[in-house]
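Participant: Quick one, run24.txt (compact mmCIF, C-alpha atoms and all ligand atoms):
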```
# COMPACT_ATOMS: atom_id res chain seq x y z
CA MET A 1 99.99 101.12 90.85
CA ILE A 2 101.26 101.14 94.43
CA ILE A 3 104.78 102.48 93.84
CA ASP A 4 106.15 103.81 90.56
CA ILE A 5 109.69 105.15 90.76
CA ARG A 6 111.34 106.30 87.55
CA ASN A 7 114.98 107.17 87.18
CA VAL A 8 115.14 108.59 90.66
CA SER A 9 118.35 109.94 92.17
CA TRP A 10 118.99 111.59 95.51
CA ASP A 11 122.21 113.54 96.00
CA ARG A 12 123.77 114.96 99.15
CA GLY A 13 126.64 117.29 98.37
CA ASP A 14 128.67 115.58 95.67
CA LYS A 15 127.56 112.11 96.76
CA SER A 16 124.76 110.19 95.05
CA ILE A 17 122.94 108.26 97.75
CA LEU A 18 120.43 106.88 95.23
CA ARG A 19 121.24 106.75 91.53
CA GLY A 20 118.88 106.01 88.61
CA VAL A 21 116.44 103.93 90.64
CA ASN A 22 113.52 102.34 88.77
CA TRP A 23 111.00 100.29 90.73
CA THR A 24 107.37 99.41 90.11
CA VAL A 25 105.17 97.73 92.71
CA ARG A 26 101.69 96.66 91.63
CA GLU A 27 98.69 96.06 93.82
CA GLY A 28 98.64 92.61 95.37
CA GLU A 29 102.40 92.07 95.01
CA HIS A 30 104.55 91.48 98.07
CA TRP A 31 108.17 92.60 97.74
CA CYS A 32 111.32 92.05 99.67
CA LEU A 33 113.87 94.86 99.67
CA LEU A 34 117.31 93.42 100.34
CA GLY A 35 120.56 95.32 100.74
CA LEU A 36 123.58 95.60 102.98
CA ASN A 37 124.14 98.39 105.53
CA GLY A 38 124.34 101.78 103.86
CA SER A 39 122.98 100.56 100.49
CA GLY A 40 120.14 103.12 100.46
CA LYS A 41 117.11 101.21 101.79
CA THR A 42 116.10 103.75 104.44
CA THR A 43 116.62 106.61 101.98
CA LEU A 44 114.28 104.90 99.53
CA LEU A 45 111.65 104.35 102.25
CA ASN A 46 111.91 107.97 103.37
CA MET A 47 111.21 108.96 99.79
CA ILE A 48 108.21 106.64 99.45
CA ASN A 49 106.76 108.20 102.63
CA GLY A 50 107.39 111.71 101.33
CA TYR A 51 109.99 112.73 103.93
CA ILE A 52 112.56 113.49 101.22
CA TRP A 53 112.18 114.35 97.56
CA PRO A 54 114.04 113.02 94.54
CA THR A 55 116.85 115.25 93.26
CA GLU A 56 116.09 113.84 89.81
CA GLY A 57 113.42 111.62 88.31
CA SER A 58 109.75 111.18 89.13
CA MET A 59 107.71 108.98 91.37
CA SER A 60 104.18 108.23 92.41
CA VAL A 61 102.93 106.36 95.45
CA LEU A 62 99.39 104.93 95.64
CA GLY A 63 98.69 106.55 92.30
CA ARG A 64 99.58 110.06 93.45
CA THR A 65 102.42 112.01 91.95
CA PHE A 66 104.60 113.84 94.44
CA GLY A 67 104.00 117.54 94.73
CA GLU A 68 100.32 117.20 93.89
CA PHE A 69 98.68 116.03 97.11
CA ASP A 70 98.59 116.17 100.90
CA LEU A 71 101.37 114.03 102.34
CA ARG A 72 99.56 113.49 105.63
CA GLU A 73 96.70 111.84 103.75
CA LEU A 74 99.17 109.65 101.87
CA ARG A 75 100.86 108.56 105.08
CA LYS A 76 97.54 107.39 106.52
CA ASN A 77 97.43 104.89 103.68
CA ILE A 78 100.92 103.61 104.40
CA GLY A 79 101.62 101.50 107.47
CA TRP A 80 105.30 101.79 108.33
CA VAL A 81 106.88 99.64 111.02
CA SER A 82 110.47 100.59 111.80
CA THR A 83 112.92 100.86 114.66
CA SER A 84 112.86 104.63 114.44
CA LEU A 85 109.10 104.52 115.02
CA GLN A 86 109.68 102.39 118.14
CA GLN A 87 111.95 105.05 119.55
CA LYS A 88 109.38 107.80 119.03
CA LEU A 89 106.45 106.12 120.80
CA TYR A 90 105.57 106.92 124.39
CA GLY A 91 106.73 103.92 126.34
CA SER A 92 104.35 104.31 129.27
CA GLU A 93 101.28 104.11 127.02
CA THR A 94 99.38 100.81 126.90
CA ALA A 95 99.79 98.52 123.93
CA PHE A 96 96.06 98.97 123.23
CA LYS A 97 96.34 102.77 122.98
CA ILE A 98 99.35 102.45 120.74
CA VAL A 99 97.39 100.20 118.39
CA LEU A 100 94.41 102.62 118.48
CA SER A 101 96.64 105.59 117.62
CA GLY A 102 97.34 103.86 114.29
CA LYS A 103 93.93 105.01 113.10
CA PHE A 104 95.25 108.59 112.98
CA ALA A 105 98.90 107.72 112.22
CA THR A 106 99.88 109.81 115.26
CA ILE A 107 102.45 109.30 117.99
CA GLY A 108 100.17 109.33 121.05
CA LEU A 109 96.38 109.31 121.03
CA TYR A 110 94.80 112.77 120.79
CA ASP A 111 91.70 112.18 118.72
CA ARG A 112 88.45 110.70 119.98
CA THR A 113 87.97 107.06 119.15
CA GLU A 114 84.66 105.34 118.51
CA PRO A 115 83.61 102.01 120.02
CA GLU A 116 84.09 100.39 116.61
CA ASP A 117 87.72 101.58 116.58
CA GLU A 118 88.26 99.87 119.90
CA ASP A 119 86.63 96.71 118.58
CA LYS A 120 88.87 96.82 115.53
CA ALA A 121 92.02 97.35 117.61
CA GLU A 122 91.10 94.43 119.84
CA GLU A 123 90.31 92.21 116.87
CA LEU A 124 93.62 93.09 115.21
CA MET A 125 95.55 92.37 118.38
CA ARG A 126 93.76 89.04 118.65
CA SER A 127 94.52 88.07 115.05
CA ILE A 128 98.16 89.03 115.46
CA GLY A 129 98.46 87.11 118.71
CA CYS A 130 99.01 90.01 121.11
CA ALA A 131 95.55 90.54 122.67
CA ARG A 132 96.87 89.47 126.08
CA LEU A 133 99.21 92.47 126.01
CA MET A 134 96.44 95.07 125.67
CA ASP A 135 96.83 96.63 129.12
CA ARG A 136 100.59 96.35 129.33
CA ALA A 137 102.77 99.46 129.12
CA TYR A 138 104.64 99.38 125.80
CA ASP A 139 108.07 99.72 127.43
CA THR A 140 107.52 96.54 129.47
CA LEU A 141 107.11 94.44 126.29
CA SER A 142 109.78 92.23 124.74
CA GLN A 143 111.10 93.13 121.29
CA GLY A 144 108.98 90.44 119.61
CA GLU A 145 105.86 91.62 121.44
CA ARG A 146 106.57 95.22 120.47
CA GLN A 147 106.82 94.28 116.81
CA ARG A 148 103.41 92.60 116.93
CA VAL A 149 101.88 95.65 118.58
CA LEU A 150 103.42 97.90 115.93
CA ILE A 151 102.17 95.72 113.10
CA ALA A 152 98.66 95.80 114.63
CA ARG A 153 99.03 99.60 114.89
CA ALA A 154 100.09 99.85 111.25
CA LEU A 155 97.06 97.80 110.15
CA MET A 156 94.61 99.92 112.17
CA ALA A 157 94.13 102.44 109.33
CA SER A 158 93.63 99.60 106.78
CA PRO A 159 96.63 100.78 104.74
CA LYS A 160 97.08 99.90 101.08
CA LEU A 161 100.82 99.59 101.61
CA LEU A 162 102.52 98.03 104.64
CA ILE A 163 106.27 98.60 105.01
CA LEU A 164 108.04 96.33 107.46
CA ASP A 165 111.54 97.69 107.96
CA GLU A 166 113.77 94.99 109.46
CA PRO A 167 111.04 93.73 111.81
CA CYS A 168 113.14 90.76 112.99
CA THR A 169 116.02 92.85 114.35
CA GLY A 170 116.80 91.82 117.90
CA LEU A 171 114.61 88.71 117.88
CA ASP A 172 115.80 85.25 118.90
CA VAL A 173 115.31 82.51 116.32
CA PHE A 174 111.96 81.35 117.74
CA ALA A 175 110.53 84.86 118.13
CA ARG A 176 111.70 85.53 114.57
CA GLU A 177 109.97 82.45 113.18
CA GLN A 178 106.77 83.30 115.07
CA LEU A 179 106.80 86.84 113.72
CA LEU A 180 107.48 85.60 110.18
CA GLN A 181 104.55 83.17 110.42
CA MET A 182 102.35 86.02 111.56
CA ILE A 183 103.52 88.18 108.62
CA ALA A 184 102.79 85.29 106.22
CA SER A 185 99.27 85.07 107.62
CA VAL A 186 98.73 88.83 107.18
CA ALA A 187 99.98 88.56 103.59
CA GLY A 188 97.61 85.65 102.93
CA GLN A 189 94.48 87.42 104.13
CA GLU A 190 91.82 88.62 101.75
CA ASN A 191 92.27 92.37 101.18
CA ALA A 192 95.82 92.20 102.53
CA PRO A 193 97.85 95.36 101.94
CA THR A 194 100.75 95.21 99.53
CA ILE A 195 103.75 94.44 101.73
CA VAL A 196 107.34 95.67 101.33
CA TYR A 197 109.60 93.73 103.67
CA VAL A 198 113.05 95.22 104.24
CA THR A 199 115.91 93.07 105.45
CA HIS A 200 119.62 92.23 105.31
CA HIS A 201 118.93 88.50 105.60
CA VAL A 202 117.85 86.20 102.76
CA GLU A 203 116.49 83.57 105.17
CA GLU A 204 113.74 86.02 106.17
CA ILE A 205 112.34 86.11 102.63
CA LEU A 206 109.09 84.20 102.99
CA PRO A 207 107.51 82.46 99.99
CA CYS A 208 104.80 85.17 99.94
CA PHE A 209 107.48 87.69 98.89
CA THR A 210 107.44 86.63 95.28
CA LYS A 211 109.38 89.71 94.13
CA THR A 212 112.70 91.03 95.35
CA LEU A 213 114.51 94.33 94.87
CA LEU A 214 118.26 94.11 95.44
CA ILE A 215 119.85 97.46 96.20
CA LYS A 216 123.59 98.02 96.27
CA ASP A 217 125.50 101.29 96.63
CA GLY A 218 122.34 103.29 95.91
CA ARG A 219 121.57 101.48 92.65
CA VAL A 220 119.09 98.78 91.77
CA PHE A 221 121.06 95.59 91.26
CA ALA A 222 117.98 93.51 90.39
CA ALA A 223 114.20 93.87 90.66
CA LYS A 224 112.36 90.73 89.67
CA GLU A 225 110.95 87.35 90.69
CA THR A 226 112.51 86.24 93.97
CA SER A 227 113.20 82.80 92.53
CA GLY A 228 115.41 84.35 89.85
CA VAL A 229 117.29 86.50 92.38
CA LEU A 230 117.99 84.02 95.15
CA THR A 231 120.56 81.93 93.32
CA SER A 232 124.16 81.29 94.39
CA GLY A 233 125.41 83.09 91.27
CA THR A 234 123.33 86.27 91.62
CA MET A 235 123.85 86.54 95.37
CA SER A 236 127.63 86.00 95.06
CA GLU A 237 127.75 88.79 92.51
CA PHE A 238 125.50 91.00 94.63
CA PHE A 239 127.51 90.59 97.83
CA GLY A 240 130.87 90.49 96.01
CA VAL A 241 131.77 87.34 97.95
CA PRO A 242 131.24 83.68 96.99
CA VAL A 243 128.09 82.50 98.76
CA GLU A 244 125.89 79.45 98.41
CA ILE A 245 122.12 79.47 98.61
CA ASP A 246 120.30 76.39 99.87
CA ARG A 247 116.55 76.05 99.55
CA HIS A 248 114.59 74.53 102.37
CA ALA A 249 110.85 74.66 103.16
CA GLY A 250 110.26 77.33 100.52
CA ARG A 251 112.95 79.61 101.96
CA SER A 252 116.58 80.29 101.13
CA TRP A 253 119.56 79.99 103.44
CA LEU A 254 122.87 81.60 102.71
CA SER A 255 126.36 80.42 103.63
CA VAL A 256 129.60 82.26 102.92
CA LYS A 257 132.10 80.15 101.00
CA ARG A 258 135.38 81.73 102.05
CA ALA A 259 136.97 83.42 105.04
CA LEU A 260 136.19 87.16 105.16
CA TRP A 261 139.28 88.16 107.10
CA ASN A 262 143.11 87.86 106.72
N1 LIG B 1 121.01 113.05 104.98
C1 LIG B 1 122.11 112.40 104.57
N2 LIG B 1 123.23 113.08 104.27
C2 LIG B 1 124.34 112.44 103.84
N3 LIG B 1 124.42 111.11 103.68
C3 LIG B 1 123.34 110.38 103.96
C4 LIG B 1 122.12 110.97 104.41
N4 LIG B 1 121.21 109.98 104.61
C5 LIG B 1 121.84 108.82 104.29
N5 LIG B 1 123.11 109.05 103.90
C6 LIG B 1 124.09 108.05 103.47
O1 LIG B 1 123.49 107.31 102.43
C7 LIG B 1 123.87 105.95 102.47
C8 LIG B 1 122.63 105.07 102.51
O2 LIG B 1 122.00 105.22 103.79
P1 LIG B 1 120.67 104.44 104.18
O3 LIG B 1 120.36 104.81 105.59
O4 LIG B 1 119.64 104.68 103.15
O5 LIG B 1 121.17 102.90 104.10
P2 LIG B 1 120.43 101.57 104.56
O6 LIG B 1 120.47 100.64 103.39
O7 LIG B 1 119.11 101.88 105.13
O8 LIG B 1 121.42 101.03 105.69
P3 LIG B 1 121.11 100.17 107.02
O9 LIG B 1 120.81 98.79 106.56
O10 LIG B 1 122.41 100.25 107.75
O11 LIG B 1 119.98 100.82 107.75
C9 LIG B 1 124.78 105.80 103.71
O12 LIG B 1 126.11 105.86 103.27
C10 LIG B 1 124.42 107.01 104.54
O13 LIG B 1 125.53 107.45 105.32
```
Any chance you could put this one into structure tokens?

Facilitator:
Amino acid sequence: MIIDIRNVSWDRGDKSILRGVNWTVREGEHWCLLGLNGSGKTTLLNMINGYIWPTEGSMSVLGRTFGEFDLRELRKNIGWVSTSLQQKLYGSETAFKIVLSGKFATIGLYDRTEPEDEDKAEELMRSIGCARLMDRAYDTLSQGERQRVLIARALMASPKLLILDEPCTGLDVFAREQLLQMIASVAGQENAPTIVYVTHHVEEILPCFTKTLLIKDGRVFAAKETSGVLTSGTMSEFFGVPVEIDRHAGRSWLSVKRALWN
């Protein structure tokens, strides 16, 4: 079992940020986590990475129950790509060093690397289409290029779980489609990690994400086959606004069916 969350709540003061969350992710599954701003997605990810602890309930990640193991070891098995990670990295470092640092899950490269690590980093950058950026300083890269470098970094430690937290934020439509194609190819590889893809946008849900967790106001609204979730009826209920879902090329596109102002 990759993630097993049972009846988990997380309270701050008298507010329940997460309430009665149940979610099971099995090896080989690829999930999309969809929710509006403030629905609790980041809180849930922080919990999966062991940065916060459930107020109630129990959970295990990669087969380990919280409280019973070394969190640093766990984090080496989880690749996490997020905007907050981008902000922490040293911008003057080369893209290559940033990818290499993924082996140790550190910000900056302090440990000695072996020639085979360098070969692996180069190979990953090649397969993800960013090898030409190896010697470039990270802060000179475009947003789309940065995301590729961060995904290569996350894969450096051969994680069992890869979390992509809104990777398409700030990308133009072509950069977004390129990145999504790259993610689909990672998901399709033999020995691919289990992927959790976090987004606000249904059109980013690739066919490889066969399961979807909908989260709303800190509660699980649905957790099942994507095909059963991405319907006009379920999404209208989820967003609380009439929407229509159109299917095209194995993906879903959402349009809002009434004015949202006045
Ligand atoms: N440490 C905290 N103390 C109090 N409230 C918090 C704390 N962390 C998060 N919250 C609140 O919990 C709710 C869920 O926040 P969270 O960041 O998990 O949402 P999100 O789904 O990731 O949103 P977004 O899509 O905007 O990133 C928000 O209302 C937020 O203000």

Participant: Using all atoms listed in the file, find all polymer residues with an atom at most 12 Å away from the point (90.2, 96.8, 118.1); report them as a PyMOL selection string.

Facilitator: chain A and resi 95-103+113-128+130-131+134+149+152-153+155-157

Participant: Those same residues - C-alpha atoms - I'd like them written as a compact mmCIF listing (two decimals), in the coordinates of the input.

Facilitator:
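Final output, part.txt:
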```txt
# COMPACT_ATOMS: atom_id res chain seq x y z
CA ALA A 95 99.79 98.52 123.93
CA PHE A 96 96.06 98.97 123.23
CA LYS A 97 96.34 102.77 122.98
CA ILE A 98 99.35 102.45 120.74
CA VAL A 99 97.39 100.20 118.39
CA LEU A 100 94.41 102.62 118.48
CA SER A 101 96.64 105.59 117.62
CA GLY A 102 97.34 103.86 114.29
CA LYS A 103 93.93 105.01 113.10
CA THR A 113 87.97 107.06 119.15
CA GLU A 114 84.66 105.34 118.51
CA PRO A 115 83.61 102.01 120.02
CA GLU A 116 84.09 100.39 116.61
CA ASP A 117 87.72 101.58 116.58
CA GLU A 118 88.26 99.87 119.90
CA ASP A 119 86.63 96.71 118.58
CA LYS A 120 88.87 96.82 115.53
CA ALA A 121 92.02 97.35 117.61
CA GLU A 122 91.10 94.43 119.84
CA GLU A 123 90.31 92.21 116.87
CA LEU A 124 93.62 93.09 115.21
CA MET A 125 95.55 92.37 118.38
CA ARG A 126 93.76 89.04 118.65
CA SER A 127 94.52 88.07 115.05
CA ILE A 128 98.16 89.03 115.46
CA CYS A 130 99.01 90.01 121.11
CA ALA A 131 95.55 90.54 122.67
CA MET A 134 96.44 95.07 125.67
CA VAL A 149 101.88 95.65 118.58
CA ALA A 152 98.66 95.80 114.63
CA ARG A 153 99.03 99.60 114.89
CA LEU A 155 97.06 97.80 110.15
CA MET A 156 94.61 99.92 112.17
CA ALA A 157 94.13 102.44 109.33
```

Participant: Just the residues within 9 Å of A:Ser158, please, counting all atoms listed in the file, with nothing from its chain fewer than 6 positions along; format it as a PDB file with C-alpha atoms, keeping the file's coordinate frame.

Facilitator:
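Below is the file part_34.pdb, written as the result:
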```pdb
ATOM      1  CA  LYS A  76      97.540 107.390 106.520  1.00  0.00           C
ATOM      2  CA  ASN A  77      97.430 104.890 103.680  1.00  0.00           C
ATOM      3  CA  ILE A  78     100.920 103.610 104.400  1.00  0.00           C
ATOM      4  CA  GLY A  79     101.620 101.500 107.470  1.00  0.00           C
ATOM      5  CA  LYS A 103      93.930 105.010 113.100  1.00  0.00           C
ATOM      6  CA  ALA A 192      95.820  92.200 102.530  1.00  0.00           C
ATOM      7  CA  PRO A 193      97.850  95.360 101.940  1.00  0.00           C
TER       8      PRO A 193
END
```

Participant: Residues within 10 Å of ligand LIG 1 (chain B) should be enumerated using all atoms listed in the file and returned as a ChimeraX atom specification.

Facilitator: /A:10-18,33-46,52,83,165-166,198-200,215-218

Participant: Mind giving me the straight-line distance from atom CA of A:Ile195 to atom CA of A:Trp31 in Å, one decimal?

Facilitator: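 These two atoms are separated by 6.2 Å.
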
Participant: Taking all atoms listed in the file into account, which of A:Leu89, A:Cys32, A:Val220, A:Leu74 comes nearest A:Ala137?

Facilitator: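 Closest to A:Ala137, using all atoms listed in the file: A:Leu89.
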
Participant: Can you rebuild stretch 149-161 of chain A with N, CA and C atoms and give it as a PDB file, in the coordinates of the input?

Facilitator:
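New file selection16.pdb:
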```pdb
ATOM      1  N   VAL A 149     102.724  94.493 118.268  1.00  0.00           N
ATOM      2  CA  VAL A 149     101.880  95.650 118.580  1.00  0.00           C
ATOM      3  C   VAL A 149     102.009  96.694 117.462  1.00  0.00           C
ATOM      4  N   LEU A 150     103.223  96.891 116.973  1.00  0.00           N
ATOM      5  CA  LEU A 150     103.420  97.900 115.930  1.00  0.00           C
ATOM      6  C   LEU A 150     102.798  97.486 114.604  1.00  0.00           C
ATOM      7  N   ILE A 151     102.812  96.182 114.343  1.00  0.00           N
ATOM      8  CA  ILE A 151     102.170  95.720 113.100  1.00  0.00           C
ATOM      9  C   ILE A 151     100.650  95.900 113.230  1.00  0.00           C
ATOM     10  N   ALA A 152     100.101  95.570 114.408  1.00  0.00           N
ATOM     11  CA  ALA A 152      98.660  95.800 114.630  1.00  0.00           C
ATOM     12  C   ALA A 152      98.360  97.291 114.461  1.00  0.00           C
ATOM     13  N   ARG A 153      99.223  98.153 115.015  1.00  0.00           N
ATOM     14  CA  ARG A 153      99.030  99.600 114.890  1.00  0.00           C
ATOM     15  C   ARG A 153      99.015 100.028 113.420  1.00  0.00           C
ATOM     16  N   ALA A 154      99.973  99.474 112.666  1.00  0.00           N
ATOM     17  CA  ALA A 154     100.090  99.850 111.250  1.00  0.00           C
ATOM     18  C   ALA A 154      98.850  99.403 110.466  1.00  0.00           C
ATOM     19  N   LEU A 155      98.218  98.312 110.893  1.00  0.00           N
ATOM     20  CA  LEU A 155      97.060  97.800 110.150  1.00  0.00           C
ATOM     21  C   LEU A 155      95.763  98.513 110.537  1.00  0.00           C
ATOM     22  N   MET A 156      95.811  99.275 111.623  1.00  0.00           N
ATOM     23  CA  MET A 156      94.610  99.920 112.170  1.00  0.00           C
ATOM     24  C   MET A 156      93.932 100.834 111.145  1.00  0.00           C
ATOM     25  N   ALA A 157      94.724 101.518 110.322  1.00  0.00           N
ATOM     26  CA  ALA A 157      94.130 102.440 109.330  1.00  0.00           C
ATOM     27  C   ALA A 157      93.831 101.723 108.008  1.00  0.00           C
ATOM     28  N   SER A 158      93.841 100.390 108.010  1.00  0.00           N
ATOM     29  CA  SER A 158      93.630  99.600 106.780  1.00  0.00           C
ATOM     30  C   SER A 158      94.461 100.151 105.625  1.00  0.00           C
ATOM     31  N   PRO A 159      95.791 100.159 105.780  1.00  0.00           N
ATOM     32  CA  PRO A 159      96.630 100.780 104.740  1.00  0.00           C
ATOM     33  C   PRO A 159      96.637  99.948 103.463  1.00  0.00           C
ATOM     34  N   LYS A 160      96.942 100.627 102.356  1.00  0.00           N
ATOM     35  CA  LYS A 160      97.080  99.900 101.080  1.00  0.00           C
ATOM     36  C   LYS A 160      98.492  99.347 100.960  1.00  0.00           C
ATOM     37  N   LEU A 161      99.413 100.001 101.673  1.00  0.00           N
ATOM     38  CA  LEU A 161     100.820  99.590 101.610  1.00  0.00           C
ATOM     39  C   LEU A 161     101.338  99.432 103.036  1.00  0.00           C
TER      40      LEU A 161
END
```
